$ cat data-v8.txt   # compact mmCIF, N, CA and C atoms
# COMPACT_ATOMS: atom_id res chain seq x y z
N MET A 1 -98.35 6.69 3.16
CA MET A 1 -97.15 7.51 3.21
C MET A 1 -97.47 8.91 2.70
N VAL A 2 -96.90 9.90 3.37
CA VAL A 2 -97.07 11.30 3.00
C VAL A 2 -95.68 11.86 2.68
N THR A 3 -95.57 12.49 1.53
CA THR A 3 -94.30 13.09 1.13
C THR A 3 -94.49 14.59 0.96
N ILE A 4 -93.57 15.34 1.56
CA ILE A 4 -93.60 16.80 1.50
C ILE A 4 -92.34 17.28 0.79
N THR A 5 -92.53 18.15 -0.19
CA THR A 5 -91.41 18.85 -0.81
C THR A 5 -91.57 20.32 -0.47
N GLN A 6 -90.51 20.91 0.07
CA GLN A 6 -90.56 22.33 0.42
C GLN A 6 -89.45 23.09 -0.29
N PHE A 7 -89.83 24.21 -0.85
CA PHE A 7 -88.89 25.17 -1.41
C PHE A 7 -88.83 26.31 -0.40
N VAL A 8 -87.68 26.46 0.24
CA VAL A 8 -87.54 27.40 1.36
C VAL A 8 -86.76 28.62 0.89
N TYR A 9 -87.37 29.78 1.06
CA TYR A 9 -86.75 31.05 0.70
C TYR A 9 -86.40 31.80 1.99
N VAL A 10 -85.13 32.06 2.19
CA VAL A 10 -84.65 32.66 3.43
C VAL A 10 -84.35 34.15 3.20
N LYS A 11 -84.67 34.95 4.20
CA LYS A 11 -84.37 36.38 4.14
C LYS A 11 -82.86 36.58 4.06
N GLU A 12 -82.45 37.51 3.23
CA GLU A 12 -81.02 37.80 3.08
C GLU A 12 -80.43 38.20 4.43
N GLY A 13 -79.30 37.58 4.75
CA GLY A 13 -78.62 37.86 6.01
C GLY A 13 -79.13 37.06 7.20
N LYS A 14 -80.16 36.26 7.00
CA LYS A 14 -80.76 35.48 8.10
C LYS A 14 -80.45 33.98 7.95
N GLU A 15 -79.50 33.64 7.12
CA GLU A 15 -79.19 32.23 6.86
C GLU A 15 -78.76 31.49 8.13
N GLU A 16 -77.97 32.12 8.95
CA GLU A 16 -77.48 31.47 10.17
C GLU A 16 -78.63 31.17 11.14
N ILE A 17 -79.58 32.07 11.23
CA ILE A 17 -80.74 31.85 12.10
C ILE A 17 -81.56 30.68 11.57
N PHE A 18 -81.74 30.63 10.26
CA PHE A 18 -82.48 29.51 9.66
C PHE A 18 -81.76 28.19 9.92
N GLN A 19 -80.47 28.18 9.76
CA GLN A 19 -79.70 26.96 9.99
C GLN A 19 -79.79 26.53 11.46
N GLN A 20 -79.86 27.49 12.38
CA GLN A 20 -80.05 27.16 13.79
C GLN A 20 -81.40 26.49 13.99
N PHE A 21 -82.44 27.02 13.38
CA PHE A 21 -83.77 26.42 13.46
C PHE A 21 -83.74 24.99 12.94
N GLU A 22 -83.15 24.80 11.80
CA GLU A 22 -83.08 23.47 11.19
C GLU A 22 -82.33 22.48 12.08
N SER A 23 -81.26 22.94 12.70
CA SER A 23 -80.47 22.04 13.55
C SER A 23 -81.26 21.59 14.78
N LEU A 24 -82.25 22.36 15.17
CA LEU A 24 -83.06 22.02 16.33
C LEU A 24 -84.28 21.17 15.99
N VAL A 25 -84.85 21.35 14.80
CA VAL A 25 -86.11 20.66 14.49
C VAL A 25 -85.96 19.45 13.57
N LEU A 26 -84.98 19.45 12.70
CA LEU A 26 -84.84 18.29 11.80
C LEU A 26 -84.56 16.99 12.55
N PRO A 27 -83.79 16.99 13.62
CA PRO A 27 -83.57 15.74 14.35
C PRO A 27 -84.84 15.15 14.97
N LEU A 28 -85.92 15.92 15.05
CA LEU A 28 -87.18 15.43 15.61
C LEU A 28 -87.94 14.53 14.63
N ILE A 29 -87.67 14.65 13.36
CA ILE A 29 -88.44 13.95 12.32
C ILE A 29 -88.53 12.44 12.56
N PRO A 30 -87.43 11.74 12.84
CA PRO A 30 -87.53 10.29 13.04
C PRO A 30 -88.43 9.87 14.21
N GLN A 31 -88.60 10.74 15.20
CA GLN A 31 -89.47 10.43 16.34
C GLN A 31 -90.93 10.29 15.91
N TYR A 32 -91.25 10.79 14.73
CA TYR A 32 -92.63 10.77 14.23
C TYR A 32 -92.73 9.94 12.95
N ASN A 33 -91.93 8.89 12.88
CA ASN A 33 -91.94 7.98 11.72
C ASN A 33 -91.67 8.71 10.41
N GLY A 34 -90.79 9.69 10.49
CA GLY A 34 -90.45 10.47 9.32
C GLY A 34 -89.01 10.26 8.90
N LYS A 35 -88.74 10.63 7.65
CA LYS A 35 -87.38 10.55 7.10
C LYS A 35 -87.09 11.82 6.32
N LEU A 36 -85.92 12.36 6.56
CA LEU A 36 -85.44 13.47 5.74
C LEU A 36 -84.75 12.84 4.55
N LEU A 37 -85.42 12.83 3.41
CA LEU A 37 -84.92 12.15 2.22
C LEU A 37 -83.89 12.99 1.48
N LEU A 38 -84.05 14.32 1.55
CA LEU A 38 -83.15 15.20 0.82
C LEU A 38 -83.20 16.59 1.44
N ARG A 39 -82.05 17.17 1.66
CA ARG A 39 -81.93 18.58 2.05
C ARG A 39 -80.87 19.15 1.13
N LEU A 40 -81.29 19.97 0.20
CA LEU A 40 -80.42 20.47 -0.85
C LEU A 40 -80.33 21.98 -0.78
N ARG A 41 -79.13 22.50 -0.70
CA ARG A 41 -78.93 23.94 -0.73
C ARG A 41 -78.64 24.32 -2.18
N THR A 42 -79.30 25.36 -2.65
CA THR A 42 -79.18 25.76 -4.04
C THR A 42 -78.58 27.15 -4.16
N GLY A 43 -78.37 27.56 -5.36
CA GLY A 43 -77.88 28.90 -5.65
C GLY A 43 -78.24 29.26 -7.08
N PRO A 44 -78.17 30.51 -7.43
CA PRO A 44 -78.55 30.95 -8.77
C PRO A 44 -77.77 30.25 -9.87
N GLU A 45 -76.54 29.83 -9.57
CA GLU A 45 -75.72 29.18 -10.60
C GLU A 45 -76.24 27.79 -10.97
N GLN A 46 -77.13 27.20 -10.14
CA GLN A 46 -77.69 25.90 -10.46
C GLN A 46 -78.92 25.99 -11.37
N LEU A 47 -79.49 27.16 -11.50
CA LEU A 47 -80.69 27.33 -12.32
C LEU A 47 -80.35 27.22 -13.79
N ILE A 48 -80.99 26.29 -14.45
CA ILE A 48 -80.82 26.13 -15.89
C ILE A 48 -81.91 26.92 -16.61
N GLU A 49 -83.14 26.76 -16.14
CA GLU A 49 -84.27 27.43 -16.77
C GLU A 49 -85.46 27.37 -15.83
N GLY A 50 -86.33 28.35 -15.88
CA GLY A 50 -87.55 28.30 -15.09
C GLY A 50 -88.03 29.68 -14.68
N GLU A 51 -89.26 29.70 -14.21
CA GLU A 51 -89.89 30.95 -13.82
C GLU A 51 -89.83 31.22 -12.33
N LEU A 52 -89.56 30.18 -11.54
CA LEU A 52 -89.51 30.36 -10.09
C LEU A 52 -88.19 30.97 -9.65
N GLU A 53 -88.26 31.71 -8.57
CA GLU A 53 -87.06 32.21 -7.91
C GLU A 53 -86.32 31.00 -7.31
N VAL A 54 -85.01 31.03 -7.33
CA VAL A 54 -84.22 29.92 -6.79
C VAL A 54 -84.32 29.92 -5.26
N PRO A 55 -84.76 28.81 -4.65
CA PRO A 55 -84.87 28.76 -3.20
C PRO A 55 -83.51 28.63 -2.54
N TYR A 56 -83.46 28.94 -1.26
CA TYR A 56 -82.24 28.75 -0.48
C TYR A 56 -81.99 27.26 -0.27
N GLU A 57 -83.06 26.53 0.06
CA GLU A 57 -82.97 25.08 0.24
C GLU A 57 -84.22 24.41 -0.30
N VAL A 58 -84.05 23.13 -0.64
CA VAL A 58 -85.16 22.26 -1.02
C VAL A 58 -85.12 21.07 -0.06
N HIS A 59 -86.28 20.77 0.54
CA HIS A 59 -86.39 19.64 1.47
C HIS A 59 -87.37 18.63 0.90
N LEU A 60 -87.04 17.37 1.03
CA LEU A 60 -87.94 16.27 0.69
C LEU A 60 -88.03 15.40 1.93
N VAL A 61 -89.24 15.33 2.51
CA VAL A 61 -89.45 14.63 3.78
C VAL A 61 -90.64 13.69 3.62
N SER A 62 -90.55 12.50 4.22
CA SER A 62 -91.68 11.58 4.19
C SER A 62 -92.06 11.18 5.62
N PHE A 63 -93.35 10.91 5.80
CA PHE A 63 -93.89 10.42 7.07
C PHE A 63 -94.77 9.22 6.74
N GLU A 64 -94.85 8.31 7.68
CA GLU A 64 -95.66 7.10 7.47
C GLU A 64 -97.14 7.43 7.29
N SER A 65 -97.62 8.49 7.96
CA SER A 65 -99.05 8.81 7.88
C SER A 65 -99.27 10.31 8.09
N GLU A 66 -100.48 10.74 7.79
CA GLU A 66 -100.89 12.12 8.05
C GLU A 66 -100.81 12.42 9.55
N ALA A 67 -101.17 11.43 10.37
CA ALA A 67 -101.14 11.61 11.82
C ALA A 67 -99.71 11.85 12.30
N ASP A 68 -98.74 11.15 11.72
CA ASP A 68 -97.34 11.36 12.09
C ASP A 68 -96.89 12.76 11.71
N LEU A 69 -97.26 13.21 10.52
CA LEU A 69 -96.92 14.56 10.08
C LEU A 69 -97.55 15.60 11.02
N ALA A 70 -98.82 15.41 11.36
CA ALA A 70 -99.51 16.34 12.25
C ALA A 70 -98.84 16.38 13.63
N ALA A 71 -98.42 15.22 14.11
CA ALA A 71 -97.75 15.16 15.42
C ALA A 71 -96.42 15.90 15.38
N TYR A 72 -95.68 15.75 14.29
CA TYR A 72 -94.41 16.47 14.13
C TYR A 72 -94.66 17.98 14.11
N MET A 73 -95.66 18.39 13.36
CA MET A 73 -95.93 19.82 13.22
C MET A 73 -96.32 20.46 14.54
N THR A 74 -96.89 19.69 15.46
CA THR A 74 -97.32 20.24 16.75
C THR A 74 -96.39 19.83 17.89
N ASP A 75 -95.24 19.29 17.57
CA ASP A 75 -94.26 18.93 18.59
C ASP A 75 -93.90 20.17 19.41
N GLN A 76 -93.89 20.02 20.73
CA GLN A 76 -93.63 21.17 21.61
C GLN A 76 -92.24 21.76 21.41
N THR A 77 -91.25 20.91 21.21
CA THR A 77 -89.90 21.42 20.98
C THR A 77 -89.86 22.22 19.69
N ARG A 78 -90.47 21.68 18.63
CA ARG A 78 -90.50 22.38 17.34
C ARG A 78 -91.20 23.72 17.50
N GLU A 79 -92.35 23.72 18.17
CA GLU A 79 -93.10 24.96 18.36
C GLU A 79 -92.33 25.98 19.17
N GLN A 80 -91.51 25.52 20.08
CA GLN A 80 -90.69 26.40 20.92
C GLN A 80 -89.71 27.22 20.09
N TYR A 81 -89.28 26.67 18.96
CA TYR A 81 -88.28 27.34 18.13
C TYR A 81 -88.83 27.95 16.84
N LEU A 82 -90.14 27.97 16.70
CA LEU A 82 -90.74 28.54 15.48
C LEU A 82 -90.39 30.01 15.29
N TYR A 83 -90.10 30.71 16.38
CA TYR A 83 -89.73 32.13 16.25
C TYR A 83 -88.48 32.29 15.37
N LEU A 84 -87.59 31.31 15.40
CA LEU A 84 -86.39 31.36 14.55
C LEU A 84 -86.77 31.26 13.08
N LYS A 85 -87.72 30.38 12.80
CA LYS A 85 -88.20 30.23 11.42
C LYS A 85 -88.89 31.52 10.97
N GLU A 86 -89.75 32.04 11.82
CA GLU A 86 -90.49 33.26 11.47
C GLU A 86 -89.55 34.44 11.23
N ASP A 87 -88.44 34.48 11.96
CA ASP A 87 -87.48 35.56 11.82
C ASP A 87 -86.64 35.43 10.55
N SER A 88 -86.43 34.21 10.09
CA SER A 88 -85.47 33.98 9.01
C SER A 88 -86.07 33.61 7.66
N VAL A 89 -87.28 33.10 7.64
CA VAL A 89 -87.84 32.60 6.39
C VAL A 89 -88.75 33.65 5.74
N LEU A 90 -88.48 33.92 4.49
CA LEU A 90 -89.29 34.85 3.71
C LEU A 90 -90.59 34.17 3.28
N LYS A 91 -90.45 32.95 2.72
CA LYS A 91 -91.62 32.18 2.29
C LYS A 91 -91.21 30.73 2.08
N VAL A 92 -92.23 29.87 2.09
CA VAL A 92 -92.02 28.44 1.84
C VAL A 92 -93.11 28.01 0.86
N MET A 93 -92.71 27.33 -0.18
CA MET A 93 -93.67 26.72 -1.10
C MET A 93 -93.66 25.23 -0.82
N THR A 94 -94.81 24.66 -0.49
CA THR A 94 -94.90 23.27 -0.09
C THR A 94 -95.74 22.48 -1.09
N VAL A 95 -95.24 21.31 -1.47
CA VAL A 95 -95.97 20.38 -2.32
C VAL A 95 -96.14 19.10 -1.50
N LYS A 96 -97.39 18.68 -1.32
CA LYS A 96 -97.68 17.51 -0.49
C LYS A 96 -98.29 16.42 -1.35
N GLN A 97 -97.72 15.21 -1.21
CA GLN A 97 -98.24 14.07 -1.98
C GLN A 97 -98.63 12.96 -1.04

$ encode --input "data-v8.txt" --output "structure tokens"
Amino acid sequence: MVTITQFVYVKEGKEEIFQQFESLVLPLIPQYNGKLLLRLRTGPEQLIEGELEVPYEVHLVSFESEADLAAYMTDQTREQYLYLKEDSVLKVMTVKQ
């Protein structure tokens, strides 16, 4: 099993574009033996303490294998909409277990 945690930082004013990207690619996850375990939207008011900037969203996703994750990442439909992610996302911090 492979688990990915992503801290997603979205460009100000580009939230709707990011949400459009997510609505198109997240439904693909189960096709690759994956599960969206958590999708959490945050805000500065949730920060109690820490050095990191507060992300727009936190995602926790699992896949049965590295091969399943690789297949999802190269899915043609997902790749077709990557321009939306590139337009809207400032940065992503990924932790893989």

$ select_by_dssp --input "data-v8.txt" --residues "range 27-78 of chain A" --states "strand (DSSP E)" --output "list in words"
Gly34, Lys35, Leu36, Leu37, Leu38, Arg39, Leu40, Arg41, Glu57, Val58, His59, Leu60, Val61, Ser62 and Phe63 of chain A

$ write_last_selection --input "data-v8.txt" --atoms "N, CA and C atoms" --output "tab-separated table (two decimals), in the frame of the given file"
chain	number	residue	atom	x	y	z
A	34	GLY	N	-90.79	9.69	10.49
A	34	GLY	CA	-90.45	10.47	9.32
A	34	GLY	C	-89.01	10.26	8.90
A	35	LYS	N	-88.74	10.63	7.65
A	35	LYS	CA	-87.38	10.55	7.10
A	35	LYS	C	-87.09	11.82	6.32
A	36	LEU	N	-85.92	12.36	6.56
A	36	LEU	CA	-85.44	13.47	5.74
A	36	LEU	C	-84.75	12.84	4.55
A	37	LEU	N	-85.42	12.83	3.41
A	37	LEU	CA	-84.92	12.15	2.22
A	37	LEU	C	-83.89	12.99	1.48
A	38	LEU	N	-84.05	14.32	1.55
A	38	LEU	CA	-83.15	15.20	0.82
A	38	LEU	C	-83.20	16.59	1.44
A	39	ARG	N	-82.05	17.17	1.66
A	39	ARG	CA	-81.93	18.58	2.05
A	39	ARG	C	-80.87	19.15	1.13
A	40	LEU	N	-81.29	19.97	0.20
A	40	LEU	CA	-80.42	20.47	-0.85
A	40	LEU	C	-80.33	21.98	-0.78
A	41	ARG	N	-79.13	22.50	-0.70
A	41	ARG	CA	-78.93	23.94	-0.73
A	41	ARG	C	-78.64	24.32	-2.18
A	57	GLU	N	-83.06	26.53	0.06
A	57	GLU	CA	-82.97	25.08	0.24
A	57	GLU	C	-84.22	24.41	-0.30
A	58	VAL	N	-84.05	23.13	-0.64
A	58	VAL	CA	-85.16	22.26	-1.02
A	58	VAL	C	-85.12	21.07	-0.06
A	59	HIS	N	-86.28	20.77	0.54
A	59	HIS	CA	-86.39	19.64	1.47
A	59	HIS	C	-87.37	18.63	0.90
A	60	LEU	N	-87.04	17.37	1.03
A	60	LEU	CA	-87.94	16.27	0.69
A	60	LEU	C	-88.03	15.40	1.93
A	61	VAL	N	-89.24	15.33	2.51
A	61	VAL	CA	-89.45	14.63	3.78
A	61	VAL	C	-90.64	13.69	3.62
A	62	SER	N	-90.55	12.50	4.22
A	62	SER	CA	-91.68	11.58	4.19
A	62	SER	C	-92.06	11.18	5.62
A	63	PHE	N	-93.35	10.91	5.80
A	63	PHE	CA	-93.89	10.42	7.07
A	63	PHE	C	-94.77	9.22	6.74

$ closest_atom_pairs --input "data-v8.txt" --of "range 8-27 of chain A" --to "range 44-66 of chain A" --cutoff "9 Å" --atoms "only C-alpha atoms" --output "CSV"
residue,atom,partner,partner_atom,distance
A:Val8,CA,A:Glu57,CA,5.2
A:Tyr9,CA,A:Pro55,CA,4.9
A:Val10,CA,A:Tyr56,CA,6.0
A:Glu15,CA,A:Tyr56,CA,8.7

$ atom_distance --input "data-v8.txt" --atom1 "atom C of Gly13 in chain A" --atom2 "atom N of Val25 in chain A"
18.4 Å

$ atom_distance --input "data-v8.txt" --atom1 "CA of Val89 in chain A" --atom2 "atom N of Met1 in chain A"
28.1 Å

$ axis_aligned_box --input "data-v8.txt" --around "range 1-7 of chain A" --padding-each-side "4 Å" --output "JSON"
{"center_x": -93.6, "center_y": 16.5, "center_z": 1.0, "size_x": 17.5, "size_y": 27.6, "size_z": 12.8}

$ closest_residue --input "data-v8.txt" --among "A:Gln80, A:Gln20, A:Thr5, A:Gln31" --to "Met93 in chain A" --atoms "all atoms listed in the file"
A:Thr5

$ residues_around --input "data-v8.txt" --residues "Leu69 in chain A" --least-positions-apart "6" --cutoff "8 Å" --atoms "all atoms listed in the file" --output "number ranges by chain"
A: 2, 32-34, 62-63, 75
